[in-house]
Amino acid sequence: MTTTTQPQAPTTTAEPERIRKILVSKQDRPHRSGPVSASLTYGWRALLKIKHVPEQLFDVTIFPIMMTVMFTYIFGGALAGSVDQYVQWLIPGIFVQTLIMITMYTGLTLNKDISKGVFDRFRSLPTWRPAQLVGALLGDQVRYTLAGAIILIVGFVMGFRPDGGLLGVLAAFLMLLVFSFSVSWIWTVVSLAVRSEQAAMGISMFILMPLTFASNIFVNPTTMPSWLEAVVDVNPVSVVVTSVRELMSGIYDVGSMMTVLIYCVVLVAVFGPISMFIYNRKS
Amino acid sequence: MSSHDLAIQTEGLVKKFGDNIAVDGVDLSIPRGGVYGVLGPNGAGKTTAIRMLATLLRPDAGRASVLGHDVFTEGSTIREKIALTGQFASLDEDLTGIENLVLLGRLLGFSARAARRRGFDLLEAFGLADAATRQVKKYSGGMRRRLDIAGSLLVTPELMFLDEPTTGIDPRSRNQVWDIIRTLVATGTTVLLTTQYLEEADQLADRLAVIDHGRVIAEGTPGQLKAQVGSGALKVRVADPAQREQAAEILSGSIDAEVTRESDPSALLLRMDAGSRAADALHALESSDIEIETFALGHPSLDEVFLALTGQPVESETTENAADEQKVSA
C-alpha cells in the first residue's frame with residue numbers, strides 16, 4: 001500500500017457539477033444562422049471530410065489523368081490527323097466531360113451520407129434546410145477545381161496552348177464550376193429518390209453517357225447525321241463545351257455565356273426544389 | 001391542463017410505411033419538466049414517434065403539439081427549442097470531437113470563436129477534453145454517447161429527445177449517461193427518453209408509457225406500472241436439478257409469489273408482488289438441506305412487463321439482452 005496521493009488524473013468522465021454550470025451559465029442564445037452562413041458551414045464540413053479522408057480524392061485525381069491521356073492518344077491520330085492538333089480541340093471538351101462525370105459522385109456521396117444518423121440531427125436544427133445540400137455541393141467545388149486543374153496541367157504537358165491565355169482559361173474554369181454546381185442538383189434528386197448507391201450509379205450513368213457522347217466533345221457535329229446534329233446542338237453539354245472553347249481561345253461571346261447561365265438557372269430551379277421536396281419527406 | 005403547460009401533446013398520431021403501421025394512434029400528454037420514458041421493444045414504434053415529434057417525419061394522421069407548437073405548421077419554431085440525440089450516434093464519424101461541436105455550434109448561429117469556446121467547455125465537462133482532436137470513429141461507445149449528448153447542449157434545449165441513450169454501452173458509461181440526464185433535468189429541461197430497459201425507465205422517468213405495435217398499452221408512474229407487474233423477480237438456482245421441485249414447494253409455501261419453472265432445469269423464477277419479502281424465502285430455503293447456487297433479486301425484465309400487461313411475451317429477440325442488463329445491475 002502506498003500512502004502518496006495520486007496526482008489528479010486527467011478527466012475522462014462526465015462531471016455533473018461542471019455540466020450543470022455550463023447549462024445554467026447565461027449563454028445568450030445566438031440568432032439562428034442565415035442561409036449563406038449555414039451553407040458555408042456545411043461546405044466547411046465537406047472540406048474537413050476531405051482532410052480526414054483524403055482517399056476520397058482518388059476519383060478527382062486519377063480519373064481525369066486517365067481520361068485525358070487515353071482519349072487524346074487513342075482518338076487523336078484518327079480524328080484530327082495528329083495528336084498535336086487534336087489536343088487543342090479535345091482538352092476543353094475532356095475538361096467539361098470529366099467534371100460533369102465527377103458531379104455524379106456528389107450524388108453517390110450524399111446517398112451514403114444521408115443514411116447516417118448525423119443527418120437526423122442536422123434536420124432537427126433550426127437552420128435553412130437546403131443548406132445541407134447546398135453546402136455539400138459547395139464543398140464539391142473543391143473537388144471539381146482539383147480535377148479541372150489536373151486536366152489542364154496534363155493537357156498543357158501534352159501540348160495544349162489556349163489562345164485566350166490564363167485569363168481565358170480562368171474564365172472558362174469559373175463558368176464550368178457554375179455549370180457543374182447546377183448539374184449536381186440532378187444527382188441529388190437521383191440519389192435521394194433511389195434506395196441504393198448502385199441504383200444511383202446506374203441511373204447516373206444512363207443519363208451521363210448520352211449527354212456527354214452525343215455532344216461536340218470528341219468530334220465536330222457537322223460530321224453527324226442531321227437529326228443527331230440537331231440533338232447535339234441543344235445538348236447543354238455542347239453549349240457549355242462551345243462556350244468553354246470560346247473563352248479558352250479568348251473569344252468572349254456574351255450570347256453563348258448567357259445560354260449557359262440560362263441552362264444553369266433552369267437546372268437549379270427545376271432540380272433544387274425537387275431535391276428539397278424529396279429530402280423533407282425522406283424517412 | 002392547457003397545451004401550453006404540456007411539453008408534448010398528441011392525439012391519434014399515426015405513421016405508416018407502406019403496409020406497416022409503425023405508430024397506430026398514439027395519445028400522449030407529457031408535462032413540462034422531468035423525464036418522460038417511452039418503454040418498448042425494438043420495432044414498437046418508439047423511434048418513429050420521436051422522429052415525428054422532432055419534425056423529421058410528417059405524421060399521416062392525428063394531431064401533435066410540441067411545447068405548444070403544432071408539428072405540421074410550426075416545425076421551424078419547434079426546432080429552435082428542441083434537441084435530438086438519435087439512436088445511432090448523430091455525429092459525423094470522420095470529424096473530430098471538437099469539429100463536431102463547432103459544426104453544430106456554427107449551425108446554431110454561434111460565431112466561430114464562441115462555438116469553439118462552448119465546444120471545449122462542453123468537452124471538458126463531459127470528460128472528453130483529451131479526445132477533442134481525435135476522430136469520432138475512434139471513440140468508444142460510451143464516449144460517443146457523451147459527445148452526442150454534449151452536441152445537444154450547445155444551446156440548452158427546452159425539450160430533449162433521447163432515443164435509447166444507453167443501448168449497447170457498458171454499465172459504467174450507462175451510469176454516467178444517467179447522471180448527465182439527471183443533471184439536465186435539474187436545470188429545467190424536459191427529457192423524452194426511449195428505452196428497452198425497465199430499470200432505466202424506473203431509475204429516471206417520472207412518468208412512462210409502454211408502447212407495443214405502435215400503441216400505448218400502459219401509462220403512468222413507474223410505481224403504478226410496477227404495481228401491475230410486480231416489483232421484481234427472484235431467481236433461484238439449485239445445485240442439483242433433482243431438488244428443484246422440492247425448492248419450488250418450499251418457496252411457494254413461504255412467500256406469496258408465483259413460481260415459474262425456467263427452461264434451465266435448475267432454475268426457478270418468482271414474480272414478486274410489492275410487499276413480498278425475499279428474506280422469508282431465503283430463510284425457508286436455508287432451513288431445508290437444499291444447496292442453493294444462486295439467489296438473486298432483480299427487476300422484472302421487459303419481457304415480464306409485457307407478459308403482465310398484454311399476456312403475451314415480446315416477439316423480438318432483443319429481450320434477452322434486456323434481461324442480461326437487468327442481471328448485471330441486480
# chains A, B, ... in the order shown; residues from 1 in each chain; ligands from 1
>>> select_by_dssp(residues="range 78-155 of chain B", states="alpha helix (DSSP H)", output="number ranges by chain")
B: 78-81, 97-107, 112-125, 141-151
>>> interface_residues(of="chain B", to="chain A", cutoff="6 Å", atoms="only C-alpha atoms", output="list in words")
Arg79, Glu80, Phe88, Ala89, Ser90, Leu91, Asp92, Leu107, Leu108, Gly109, Phe110, Ala125, Phe126, Gly127 and Leu128 of chain B
>>> atom_distance(atom1="CA of Leu166 in chain A", atom2="CA of Leu152 in chain A")
11.0 Å
>>> select_by_dssp(residues="range 32-150 of chain B", states="strand (DSSP E or B)", output="PyMOL selection string")
chain B and resi 35-39+61-66+69-70+82-85+96+135
>>> write_last_selection(atoms="C-alpha atoms", output="CSV table (one decimal), in the first residue's frame")
chain,number,residue,atom,x,y,z
B,35,VAL,CA,-38.2,12.8,-17.6
B,36,TYR,CA,-40.9,11.0,-19.5
B,37,GLY,CA,-40.0,7.5,-20.5
B,38,VAL,CA,-41.2,5.6,-23.5
B,39,LEU,CA,-40.7,1.9,-23.0
B,61,ALA,CA,-52.9,11.3,-39.3
B,62,GLY,CA,-53.7,12.8,-35.9
B,63,ARG,CA,-52.5,15.9,-34.1
B,64,ALA,CA,-49.4,16.7,-32.2
B,65,SER,CA,-48.1,19.8,-30.5
B,66,VAL,CA,-44.6,20.2,-29.0
B,69,HIS,CA,-46.5,24.5,-31.3
B,70,ASP,CA,-48.1,22.4,-34.0
B,82,ILE,CA,-35.6,21.0,-29.1
B,83,ALA,CA,-32.5,18.9,-29.4
B,84,LEU,CA,-32.4,15.3,-30.7
B,85,THR,CA,-29.9,12.6,-29.8
B,96,THR,CA,-13.0,15.0,-34.5
B,135,GLN,CA,-11.8,11.3,-34.9
>>> closest_residue(among="A:Thr68, A:Thr109, A:Gln85, A:Gln97", to="Ser215 in chain A", atoms="only C-alpha atoms")
A:Gln97
>>> atom_distance(atom1="CA of Phe63 in chain A", atom2="CA of Glu246 in chain A")
25.1 Å
>>> closest_residue(among="A:Ala199, A:Met66, A:Leu228, A:Val178", to="Ile150 in chain A", atoms="only C-alpha atoms")
A:Met66
